[in-house]
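Q: Quick one: this structure, given as structure tokens, is what I'll be asking you about.
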Amino acid sequence: MTATITSPAVVVRKSAAARHATLVTRVLTGLLFTVTGLNGFLNFMPAPDPSTMAPAGVAFTTALYATGYMLQLASGVQLVAGVLLVVGRFVPLALAILAPMVVNIFLIHVFLEPSGLGIAILVVLAEIGLAWAYRDKFRPMLQAR
């Protein structure tokens, strides 16, 4: 019986600066989502004044709140994924479950509530950068079978 090797393992070494940048980005992004996820349950940060928000953003937030579960679900996802990023466990899973949320955050600020667009762009860049840093973990999932 012979063994077949489909592709040789390629070891790519990252520079120290790239490893540190990935670590800092992962921890800061994790802290951001951990804090915002906790805030969804504990409400320790002041809510924005609706009079300073765009009407479409207020309507969207009101609709989410009216569901009775959507904001809690989003907060729970943010909290779990944020903790996973901070501790460095299951990072690709955390990035995968945060990806739709990051897209939604970005699109809300593009179309409904322009204030905060800068932070939304930074979150998108962090998500893309981390996904790129962990791309070897996503590769098997993206192969056509």
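Residue names in the structure tokens use chain letters A, B, ... in the order shown, residue numbers from 1 in each chain, and ligand numbers from 1 in the order shown.
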Pick out the residues sitting within 9 Å of A:Gly88, and hand them over as a PyMOL selection string; count only C-alpha atoms, and ignore anything fewer than 5 positions along from it in its own chain.
A: chain A and resi 23+26-27+83
Q: So how many Å separate atom CA of A:Ala56 and atom CA of A:Leu98, to one decimal?
A: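 About the pair atom CA of A:Ala56 and atom CA of A:Leu98: they are 23.6 Å apart.
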Q: Identify which of the residues A:Thr34, A:Asp49, A:Gly40, A:Phe90 lies closest to A:Tyr69, counting only C-alpha atoms when measuring atom-to-atom distances.
A: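 Going through A:Thr34, A:Asp49, A:Gly40, A:Phe90 one by one, the smallest distance to A:Tyr69 is for A:Gly40.
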Q: Residues at most 9 Å from stretch 112-116 of chain A, counting only C-alpha atoms, excluding those fewer than 2 positions away in the same chain, as JSON, numbers by chain?
A: {"A": [53, 54, 55, 56, 57, 58, 60, 107, 108, 109, 110, 118, 119, 120, 121]}
Q: Near A:Val102, within 12 Å and counting only C-alpha atoms, which residues show up once chain neighbours fewer than 6 positions away are dropped, as a list of chain:residue names?
A: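 Once the adjacent positions are removed, what remains is A:Thr29, A:Phe33, A:Ala74, A:Val77, A:Gln78, A:Ala81, A:Ala94, A:Leu95, A:Ala96, A:Ile108, A:His109, A:Ile119, A:Ala120, A:Ile121, A:Leu122, A:Val123, A:Val124, A:Leu125, A:Ala126, A:Glu127, A:Ile128.
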Q: Limited to N, CA, C and O atoms, could you put the picked residues into a file as a CSV table (one decimal), in the first residue's frame?
A:
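Final output, result21.csv:
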```
chain,number,residue,atom,x,y,z
A,29,THR,N,-9.2,44.1,19.2
A,29,THR,CA,-10.5,43.8,18.6
A,29,THR,C,-11.3,43.0,19.6
A,29,THR,O,-12.5,43.2,19.7
A,33,PHE,N,-15.0,44.0,21.2
A,33,PHE,CA,-16.2,43.3,21.2
A,33,PHE,C,-16.6,42.7,22.5
A,33,PHE,O,-17.8,42.6,22.8
A,74,ALA,N,-27.1,39.6,19.5
A,74,ALA,CA,-25.9,40.3,19.0
A,74,ALA,C,-24.9,40.5,20.1
A,74,ALA,O,-23.7,40.3,19.9
A,77,VAL,N,-23.1,37.2,21.0
A,77,VAL,CA,-22.1,36.8,19.9
A,77,VAL,C,-20.9,37.7,20.1
A,77,VAL,O,-19.8,37.2,20.1
A,78,GLN,N,-21.1,39.0,20.3
A,78,GLN,CA,-19.9,39.9,20.5
A,78,GLN,C,-19.1,39.5,21.7
A,78,GLN,O,-17.9,39.5,21.7
A,81,ALA,N,-17.3,35.9,21.1
A,81,ALA,CA,-16.2,36.1,20.1
A,81,ALA,C,-15.1,37.0,20.6
A,81,ALA,O,-13.9,36.7,20.4
A,94,ALA,N,-14.0,32.6,16.0
A,94,ALA,CA,-14.4,33.9,16.5
A,94,ALA,C,-14.5,34.9,15.3
A,94,ALA,O,-15.4,35.6,15.2
A,95,LEU,N,-13.5,34.8,14.4
A,95,LEU,CA,-13.5,35.7,13.2
A,95,LEU,C,-14.7,35.4,12.3
A,95,LEU,O,-15.3,36.3,11.7
A,96,ALA,N,-14.9,34.1,12.2
A,96,ALA,CA,-16.0,33.7,11.3
A,96,ALA,C,-17.4,34.1,11.8
A,96,ALA,O,-18.2,34.5,11.0
A,108,ILE,N,-24.4,49.6,8.4
A,108,ILE,CA,-25.3,50.6,9.2
A,108,ILE,C,-24.7,52.0,9.2
A,108,ILE,O,-25.4,52.9,9.0
A,109,HIS,N,-23.4,52.0,9.4
A,109,HIS,CA,-22.8,53.4,9.4
A,109,HIS,C,-22.7,54.0,8.0
A,109,HIS,O,-22.6,55.2,7.9
A,119,ILE,N,-14.7,54.4,13.1
A,119,ILE,CA,-14.5,53.2,13.9
A,119,ILE,C,-14.9,52.0,13.1
A,119,ILE,O,-14.3,50.9,13.2
A,120,ALA,N,-16.0,52.1,12.4
A,120,ALA,CA,-16.5,50.9,11.6
A,120,ALA,C,-15.5,50.5,10.6
A,120,ALA,O,-15.3,49.3,10.4
A,121,ILE,N,-14.8,51.5,10.0
A,121,ILE,CA,-13.8,51.1,9.0
A,121,ILE,C,-12.6,50.5,9.7
A,121,ILE,O,-12.1,49.5,9.2
A,122,LEU,N,-12.2,50.9,10.9
A,122,LEU,CA,-11.1,50.3,11.6
A,122,LEU,C,-11.5,48.9,12.0
A,122,LEU,O,-10.6,48.0,11.9
A,123,VAL,N,-12.7,48.6,12.4
A,123,VAL,CA,-13.2,47.3,12.7
A,123,VAL,C,-13.1,46.4,11.5
A,123,VAL,O,-12.7,45.2,11.6
A,124,VAL,N,-13.6,46.9,10.4
A,124,VAL,CA,-13.5,46.1,9.1
A,124,VAL,C,-12.0,45.8,8.8
A,124,VAL,O,-11.7,44.6,8.4
A,125,LEU,N,-11.2,46.8,8.9
A,125,LEU,CA,-9.7,46.5,8.6
A,125,LEU,C,-9.1,45.5,9.5
A,125,LEU,O,-8.3,44.7,9.1
A,126,ALA,N,-9.5,45.6,10.8
A,126,ALA,CA,-9.0,44.6,11.8
A,126,ALA,C,-9.5,43.2,11.5
A,126,ALA,O,-8.7,42.3,11.5
A,127,GLU,N,-10.7,43.1,11.1
A,127,GLU,CA,-11.3,41.8,10.7
A,127,GLU,C,-10.6,41.2,9.5
A,127,GLU,O,-10.2,40.1,9.5
A,128,ILE,N,-10.4,42.1,8.5
A,128,ILE,CA,-9.7,41.6,7.3
A,128,ILE,C,-8.2,41.2,7.6
A,128,ILE,O,-7.7,40.2,7.1
```
Q: DSSP on the backbone: what in chain A comes out helix (DSSP H, G or I), as an NGL selection string?
A: :A and (16-42 or 50-52 or 55-66 or 70-87 or 91-111 or 117-133 or 135-142)
Q: Next, dump the selected residues to file, keeping only C-alpha atoms, as a short mmCIF file (atom, residue, chain, number, x, y, z; two decimals), in the first residue's frame.
A:
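So the final result, stored in part_9.cif, reads:
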```cif
data_model
loop_
_atom_site.label_atom_id
_atom_site.label_comp_id
_atom_site.auth_asym_id
_atom_site.auth_seq_id
_atom_site.Cartn_x
_atom_site.Cartn_y
_atom_site.Cartn_z
CA ALA A 16 8.41 39.53 14.67
CA ALA A 17 6.67 42.78 13.72
CA ALA A 18 3.91 40.89 11.89
CA ARG A 19 3.39 38.55 14.85
CA HIS A 20 3.19 41.49 17.24
CA ALA A 21 0.83 43.42 14.96
CA THR A 22 -1.44 40.37 14.74
CA LEU A 23 -1.37 39.92 18.51
CA VAL A 24 -2.14 43.59 19.21
CA THR A 25 -4.91 43.70 16.60
CA ARG A 26 -6.43 40.46 17.92
CA VAL A 27 -6.42 41.59 21.55
CA LEU A 28 -7.71 45.12 20.83
CA THR A 29 -10.46 43.80 18.58
CA GLY A 30 -11.33 41.21 21.19
CA LEU A 31 -11.47 43.85 23.92
CA LEU A 32 -13.70 46.05 21.78
CA PHE A 33 -16.20 43.25 21.17
CA THR A 34 -16.00 41.99 24.75
CA VAL A 35 -16.80 45.44 26.15
CA THR A 36 -19.58 46.16 23.67
CA GLY A 37 -21.02 42.69 24.23
CA LEU A 38 -21.01 43.18 28.00
CA ASN A 39 -22.56 46.60 27.55
CA GLY A 40 -25.49 44.98 25.74
CA PHE A 41 -26.31 43.15 28.97
CA LEU A 42 -25.11 45.53 31.69
CA PRO A 50 -31.51 59.75 19.66
CA SER A 51 -31.83 63.45 18.83
CA THR A 52 -28.21 63.44 17.61
CA PRO A 55 -33.66 59.07 11.85
CA ALA A 56 -32.94 55.90 9.85
CA GLY A 57 -30.43 54.75 12.48
CA VAL A 58 -32.93 55.39 15.27
CA ALA A 59 -35.64 53.46 13.38
CA PHE A 60 -33.31 50.52 12.80
CA THR A 61 -32.19 50.38 16.43
CA THR A 62 -35.79 50.69 17.62
CA ALA A 63 -36.81 47.80 15.36
CA LEU A 64 -34.00 45.62 16.70
CA TYR A 65 -34.97 46.46 20.26
CA ALA A 66 -38.63 45.70 19.53
CA MET A 70 -31.97 40.54 18.51
CA LEU A 71 -29.87 42.98 20.55
CA GLN A 72 -29.29 40.33 23.22
CA LEU A 73 -28.26 37.81 20.55
CA ALA A 74 -25.87 40.30 18.96
CA SER A 75 -24.43 41.18 22.37
CA GLY A 76 -23.95 37.52 23.22
CA VAL A 77 -22.15 36.83 19.95
CA GLN A 78 -19.93 39.87 20.47
CA LEU A 79 -19.12 38.83 24.03
CA VAL A 80 -18.25 35.22 23.21
CA ALA A 81 -16.23 36.08 20.11
CA GLY A 82 -14.48 38.95 21.90
CA VAL A 83 -13.39 36.70 24.77
CA LEU A 84 -12.15 34.08 22.30
CA LEU A 85 -10.06 36.74 20.53
CA VAL A 86 -8.63 38.11 23.78
CA VAL A 87 -7.58 34.70 25.08
CA VAL A 91 -9.57 32.61 16.80
CA PRO A 92 -10.68 31.52 13.29
CA LEU A 93 -14.09 30.54 14.71
CA ALA A 94 -14.40 33.91 16.46
CA LEU A 95 -13.50 35.71 13.23
CA ALA A 96 -16.02 33.65 11.26
CA ILE A 97 -18.89 34.38 13.65
CA LEU A 98 -17.97 38.06 13.83
CA ALA A 99 -17.72 38.55 10.05
CA PRO A 100 -21.46 39.04 9.39
CA MET A 101 -21.69 41.33 12.40
CA VAL A 102 -18.74 43.42 11.18
CA VAL A 103 -20.31 43.73 7.73
CA ASN A 104 -23.58 44.83 9.32
CA ILE A 105 -21.84 47.37 11.57
CA PHE A 106 -20.09 48.84 8.53
CA LEU A 107 -23.26 48.97 6.41
CA ILE A 108 -25.29 50.55 9.21
CA HIS A 109 -22.76 53.37 9.40
CA VAL A 110 -22.58 53.73 5.62
CA PHE A 111 -26.33 53.79 4.96
CA LEU A 117 -18.01 55.40 10.23
CA GLY A 118 -14.33 55.83 11.12
CA ILE A 119 -14.51 53.24 13.90
CA ALA A 120 -16.52 50.93 11.64
CA ILE A 121 -13.80 51.13 8.99
CA LEU A 122 -11.14 50.31 11.61
CA VAL A 123 -13.16 47.27 12.73
CA VAL A 124 -13.48 46.09 9.12
CA LEU A 125 -9.74 46.54 8.58
CA ALA A 126 -8.98 44.64 11.79
CA GLU A 127 -11.28 41.78 10.73
CA ILE A 128 -9.69 41.61 7.28
CA GLY A 129 -6.18 41.81 8.71
CA LEU A 130 -6.85 39.05 11.22
CA ALA A 131 -8.55 36.88 8.61
CA TRP A 132 -5.46 37.31 6.42
CA ALA A 133 -3.14 36.45 9.32
CA ARG A 135 -5.76 32.47 6.28
CA ASP A 136 -4.10 29.07 6.55
CA LYS A 137 -6.85 28.02 8.99
CA PHE A 138 -9.58 29.11 6.54
CA ARG A 139 -8.01 27.46 3.48
CA PRO A 140 -9.53 23.97 4.01
CA MET A 141 -12.97 25.48 4.47
CA LEU A 142 -12.70 27.36 1.17
#
```
